[in-house]
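Okay, so here's the structure we're looking at.
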Amino acid sequence: MPFVNTSDFDMHYETGGRGKSVLVFVHGNFASWRWWQPILKGISGGYRAYAPDMRGCGDSDRPVDGYTIAQHADDLDRFIRALGLP
């Protein structure tokens with residue numbers, strides 16, 4: 001299982017596809033990357049997709065706090081930067 005450290009927790013993610021164009025799929029509240037599993041398995045063309053588990057969801061760590069929309073946005077920014085995604 002791949003993880004990225006976003007400074008205050010380890011964020012799990014899964015990938016699909018092998019293309020150069022990048023997609024990042026974000027699940028809803030109380031969900032996980034598994035919502036995107038059928039798409040990740042079938043993605044084709046020039047796409048590479050990433051499906052992170054947001055803080056407290058799926059296989060990511062569960063910090064005590066930081067569950068605001070602003071913090072989730074910051075977590076996604078840190079995820080994208082850590083992987084060097086465009």
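Chains: A, B, ... in order of the structure tokens. Residues: from 1 per chain. Ligands: from 1, in order shown.
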Contacts of range 1-3 of chain A at 9 Å (only C-alpha atoms; same-chain gap of 6+ positions) as a PDB file with N, CA and C atoms, in the first residue's frame:
```pdb
ATOM      1  N   ASP A  10      -0.162  10.070   7.749  1.00  0.00           N
ATOM      2  CA  ASP A  10       0.163   9.311   6.545  1.00  0.00           C
ATOM      3  C   ASP A  10      -1.100   9.074   5.737  1.00  0.00           C
ATOM      4  N   MET A  11      -1.083   9.545   4.482  1.00  0.00           N
ATOM      5  CA  MET A  11      -2.229   9.450   3.590  1.00  0.00           C
ATOM      6  C   MET A  11      -2.018   8.290   2.618  1.00  0.00           C
ATOM      7  N   HIS A  12      -2.919   7.333   2.670  1.00  0.00           N
ATOM      8  CA  HIS A  12      -2.885   6.195   1.754  1.00  0.00           C
ATOM      9  C   HIS A  12      -3.484   6.604   0.417  1.00  0.00           C
ATOM     10  N   TYR A  13      -3.015   5.968  -0.663  1.00  0.00           N
ATOM     11  CA  TYR A  13      -3.602   6.210  -1.982  1.00  0.00           C
ATOM     12  C   TYR A  13      -3.399   4.987  -2.865  1.00  0.00           C
ATOM     13  N   GLU A  14      -4.177   4.921  -3.913  1.00  0.00           N
ATOM     14  CA  GLU A  14      -4.044   3.887  -4.938  1.00  0.00           C
ATOM     15  C   GLU A  14      -4.022   4.578  -6.296  1.00  0.00           C
ATOM     16  N   PRO A  52      -6.653   9.154  -3.338  1.00  0.00           N
ATOM     17  CA  PRO A  52      -6.198   9.151  -1.948  1.00  0.00           C
ATOM     18  C   PRO A  52      -7.341   8.908  -0.974  1.00  0.00           C
ATOM     19  N   ASP A  59      -7.617   3.690   4.564  1.00  0.00           N
ATOM     20  CA  ASP A  59      -6.384   3.206   5.177  1.00  0.00           C
ATOM     21  C   ASP A  59      -5.451   4.331   5.616  1.00  0.00           C
ATOM     22  N   SER A  60      -5.904   5.581   5.528  1.00  0.00           N
ATOM     23  CA  SER A  60      -5.104   6.709   6.021  1.00  0.00           C
ATOM     24  C   SER A  60      -5.174   6.779   7.539  1.00  0.00           C
TER      25      SER A  60
END
```
**Request:** Tell me which protein, DNA and RNA residues are within 10 Å of Asp65 in chain A, counting only C-alpha atoms, leaving out same-chain ones fewer than 3 positions away, and put them as JSON, numbers by chain.
**Result:** {"A": [55, 56, 62, 68, 71]}
**Request:** Please provide as a PyMOL selection string all residues within 9 Å of Met54 in chain A, with the sequence filter that same-chain residues fewer than 3 positions apart are discarded (counting only C-alpha atoms).
**Result:** chain A and resi 11-13+26-29+31-33+57-61+72+75-76
If you keep N, CA and C atoms, can you produce a file of those selected residues as a PDB file, in the first residue's frame?
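Ended up saving to result.pdb:
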```pdb
ATOM      1  N   MET A  11      -1.083   9.545   4.482  1.00  0.00           N
ATOM      2  CA  MET A  11      -2.229   9.450   3.590  1.00  0.00           C
ATOM      3  C   MET A  11      -2.018   8.290   2.618  1.00  0.00           C
ATOM      4  N   HIS A  12      -2.919   7.333   2.670  1.00  0.00           N
ATOM      5  CA  HIS A  12      -2.885   6.195   1.754  1.00  0.00           C
ATOM      6  C   HIS A  12      -3.484   6.604   0.417  1.00  0.00           C
ATOM      7  N   TYR A  13      -3.015   5.968  -0.663  1.00  0.00           N
ATOM      8  CA  TYR A  13      -3.602   6.210  -1.982  1.00  0.00           C
ATOM      9  C   TYR A  13      -3.399   4.987  -2.865  1.00  0.00           C
ATOM     10  N   VAL A  26     -11.316  12.404  -5.590  1.00  0.00           N
ATOM     11  CA  VAL A  26     -11.519  12.677  -4.172  1.00  0.00           C
ATOM     12  C   VAL A  26     -12.883  12.123  -3.765  1.00  0.00           C
ATOM     13  N   HIS A  27     -12.867  11.260  -2.768  1.00  0.00           N
ATOM     14  CA  HIS A  27     -14.116  10.649  -2.291  1.00  0.00           C
ATOM     15  C   HIS A  27     -14.871  11.593  -1.371  1.00  0.00           C
ATOM     16  N   GLY A  28     -16.111  11.266  -1.109  1.00  0.00           N
ATOM     17  CA  GLY A  28     -16.939  12.055  -0.205  1.00  0.00           C
ATOM     18  C   GLY A  28     -16.692  11.701   1.251  1.00  0.00           C
ATOM     19  N   ASN A  29     -17.433  12.334   2.114  1.00  0.00           N
ATOM     20  CA  ASN A  29     -17.302  12.138   3.548  1.00  0.00           C
ATOM     21  C   ASN A  29     -17.597  10.690   3.936  1.00  0.00           C
ATOM     22  N   ALA A  31     -16.071   7.963   3.243  1.00  0.00           N
ATOM     23  CA  ALA A  31     -15.863   6.991   2.171  1.00  0.00           C
ATOM     24  C   ALA A  31     -14.375   6.653   2.117  1.00  0.00           C
ATOM     25  N   SER A  32     -13.924   6.147   0.981  1.00  0.00           N
ATOM     26  CA  SER A  32     -12.510   5.826   0.807  1.00  0.00           C
ATOM     27  C   SER A  32     -12.189   5.731  -0.677  1.00  0.00           C
ATOM     28  N   TRP A  33     -10.932   5.430  -0.966  1.00  0.00           N
ATOM     29  CA  TRP A  33     -10.485   5.259  -2.345  1.00  0.00           C
ATOM     30  C   TRP A  33     -11.288   4.160  -3.033  1.00  0.00           C
ATOM     31  N   CYS A  57     -10.079   8.456   6.869  1.00  0.00           N
ATOM     32  CA  CYS A  57     -10.872   7.560   6.026  1.00  0.00           C
ATOM     33  C   CYS A  57     -10.009   6.434   5.460  1.00  0.00           C
ATOM     34  N   GLY A  58     -10.660   5.341   5.106  1.00  0.00           N
ATOM     35  CA  GLY A  58      -9.971   4.231   4.464  1.00  0.00           C
ATOM     36  C   GLY A  58      -8.759   3.773   5.251  1.00  0.00           C
ATOM     37  N   ASP A  59      -7.617   3.690   4.564  1.00  0.00           N
ATOM     38  CA  ASP A  59      -6.384   3.206   5.177  1.00  0.00           C
ATOM     39  C   ASP A  59      -5.451   4.331   5.616  1.00  0.00           C
ATOM     40  N   SER A  60      -5.904   5.581   5.528  1.00  0.00           N
ATOM     41  CA  SER A  60      -5.104   6.709   6.021  1.00  0.00           C
ATOM     42  C   SER A  60      -5.174   6.779   7.539  1.00  0.00           C
ATOM     43  N   ASP A  61      -4.205   7.486   8.124  1.00  0.00           N
ATOM     44  CA  ASP A  61      -4.216   7.705   9.571  1.00  0.00           C
ATOM     45  C   ASP A  61      -5.449   8.496   9.984  1.00  0.00           C
ATOM     46  N   HIS A  72      -8.651  19.727   4.669  1.00  0.00           N
ATOM     47  CA  HIS A  72      -8.714  18.722   3.596  1.00  0.00           C
ATOM     48  C   HIS A  72      -8.075  19.262   2.316  1.00  0.00           C
ATOM     49  N   ASP A  75      -4.414  19.171   2.805  1.00  0.00           N
ATOM     50  CA  ASP A  75      -3.947  17.780   2.691  1.00  0.00           C
ATOM     51  C   ASP A  75      -3.797  17.382   1.225  1.00  0.00           C
ATOM     52  N   LEU A  76      -4.769  17.731   0.398  1.00  0.00           N
ATOM     53  CA  LEU A  76      -4.686  17.415  -1.033  1.00  0.00           C
ATOM     54  C   LEU A  76      -3.517  18.137  -1.696  1.00  0.00           C
TER      55      LEU A  76
END
```
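Picture a line from CA of Ala49 in chain A to CA of Phe79 in chain A; it runs 13.2 Å.
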**Fill in**
From the list A:Gly66, A:Gly45, A:Pro86, A:Pro38, the nearest residue to Gly17 in chain A using only C-alpha atoms is A:Gly45
**Prompt:** Just asking: which residues within range 33-72 of chain A are helix (DSSP H, G or I) according to DSSP, as a ChimeraX atom specification?
**Reply:** /A:33-42,69-72
File dump, residues just selected, N, CA and C atoms, as an mmCIF file, in the first residue's frame:
```
data_model
loop_
_atom_site.group_PDB
_atom_site.id
_atom_site.type_symbol
_atom_site.label_atom_id
_atom_site.label_comp_id
_atom_site.auth_asym_id
_atom_site.auth_seq_id
_atom_site.Cartn_x
_atom_site.Cartn_y
_atom_site.Cartn_z
ATOM 1 N N TRP A 33 -10.932 5.430 -0.966
ATOM 2 C CA TRP A 33 -10.485 5.259 -2.345
ATOM 3 C C TRP A 33 -11.288 4.160 -3.033
ATOM 4 N N ARG A 34 -11.842 3.247 -2.290
ATOM 5 C CA ARG A 34 -12.560 2.098 -2.867
ATOM 6 C C ARG A 34 -13.750 2.515 -3.733
ATOM 7 N N TRP A 35 -14.292 3.712 -3.507
ATOM 8 C CA TRP A 35 -15.381 4.208 -4.350
ATOM 9 C C TRP A 35 -14.907 4.309 -5.787
ATOM 10 N N TRP A 36 -13.629 4.561 -5.980
ATOM 11 C CA TRP A 36 -13.052 4.763 -7.308
ATOM 12 C C TRP A 36 -12.421 3.493 -7.885
ATOM 13 N N GLN A 37 -12.451 2.403 -7.150
ATOM 14 C CA GLN A 37 -11.781 1.173 -7.583
ATOM 15 C C GLN A 37 -12.193 0.710 -8.980
ATOM 16 N N PRO A 38 -13.471 0.673 -9.330
ATOM 17 C CA PRO A 38 -13.839 0.244 -10.692
ATOM 18 C C PRO A 38 -13.255 1.152 -11.777
ATOM 19 N N ILE A 39 -13.197 2.438 -11.499
ATOM 20 C CA ILE A 39 -12.648 3.379 -12.472
ATOM 21 C C ILE A 39 -11.132 3.206 -12.587
ATOM 22 N N LEU A 40 -10.464 3.039 -11.446
ATOM 23 C CA LEU A 40 -9.011 2.848 -11.472
ATOM 24 C C LEU A 40 -8.628 1.600 -12.262
ATOM 25 N N LYS A 41 -9.422 0.558 -12.124
ATOM 26 C CA LYS A 41 -9.125 -0.690 -12.843
ATOM 27 C C LYS A 41 -9.339 -0.543 -14.348
ATOM 28 N N GLY A 42 -10.285 0.285 -14.745
ATOM 29 C CA GLY A 42 -10.637 0.390 -16.157
ATOM 30 C C GLY A 42 -10.116 1.615 -16.874
ATOM 31 N N ILE A 69 -12.814 21.733 6.014
ATOM 32 C CA ILE A 69 -12.664 21.768 4.558
ATOM 33 C C ILE A 69 -11.306 22.370 4.194
ATOM 34 N N ALA A 70 -10.913 23.414 4.900
ATOM 35 C CA ALA A 70 -9.615 24.036 4.626
ATOM 36 C C ALA A 70 -8.467 23.048 4.849
ATOM 37 N N GLN A 71 -8.554 22.236 5.906
ATOM 38 C CA GLN A 71 -7.493 21.264 6.168
ATOM 39 C C GLN A 71 -7.478 20.171 5.104
ATOM 40 N N HIS A 72 -8.651 19.727 4.669
ATOM 41 C CA HIS A 72 -8.714 18.722 3.596
ATOM 42 C C HIS A 72 -8.075 19.262 2.316
#
```
Neighbours of Gly19 in chain A within 7 Å (only C-alpha atoms; same-chain residues fewer than 4 positions away dropped), as an mmCIF file with all heavy atoms, in the first residue's frame?
```cif
data_model
loop_
_atom_site.group_PDB
_atom_site.id
_atom_site.type_symbol
_atom_site.label_atom_id
_atom_site.label_comp_id
_atom_site.auth_asym_id
_atom_site.auth_seq_id
_atom_site.Cartn_x
_atom_site.Cartn_y
_atom_site.Cartn_z
ATOM 1 N N GLY A 45 -6.354 5.012 -22.032
ATOM 2 C CA GLY A 45 -5.963 6.213 -22.743
ATOM 3 C C GLY A 45 -4.714 6.810 -22.152
ATOM 4 O O GLY A 45 -3.847 6.116 -21.636
ATOM 5 N N GLY A 46 -4.628 8.102 -22.179
ATOM 6 C CA GLY A 46 -3.435 8.787 -21.729
ATOM 7 C C GLY A 46 -3.508 9.251 -20.288
ATOM 8 O O GLY A 46 -2.889 10.241 -19.932
ATOM 9 N N TYR A 47 -4.282 8.544 -19.438
ATOM 10 C CA TYR A 47 -4.496 9.006 -18.070
ATOM 11 C C TYR A 47 -3.809 8.137 -17.028
ATOM 12 O O TYR A 47 -3.718 6.925 -17.168
ATOM 13 C CB TYR A 47 -5.996 9.053 -17.749
ATOM 14 C CG TYR A 47 -6.731 10.048 -18.583
ATOM 15 C CD1 TYR A 47 -7.453 9.637 -19.696
ATOM 16 C CD2 TYR A 47 -6.689 11.402 -18.279
ATOM 17 C CE1 TYR A 47 -8.126 10.561 -20.482
ATOM 18 C CE2 TYR A 47 -7.355 12.329 -19.052
ATOM 19 C CZ TYR A 47 -8.075 11.906 -20.156
ATOM 20 O OH TYR A 47 -8.732 12.813 -20.939
ATOM 21 N N ARG A 48 -3.366 8.793 -15.969
ATOM 22 C CA ARG A 48 -2.916 8.131 -14.750
ATOM 23 C C ARG A 48 -3.727 8.766 -13.629
ATOM 24 O O ARG A 48 -3.765 9.991 -13.488
ATOM 25 C CB ARG A 48 -1.434 8.345 -14.513
ATOM 26 C CG ARG A 48 -0.957 7.684 -13.230
ATOM 27 C CD ARG A 48 0.548 7.453 -13.275
ATOM 28 N NE ARG A 48 1.041 6.806 -12.081
ATOM 29 C CZ ARG A 48 0.969 5.497 -11.838
ATOM 30 N NH1 ARG A 48 0.421 4.685 -12.716
ATOM 31 N NH2 ARG A 48 1.449 4.995 -10.727
#
```
**Request:** Write down as a ChimeraX atom specification the residues of chain A whose backbone DSSP state falls under strand (DSSP E).
**Result:** /A:3-5,10-17,21-24,47-52
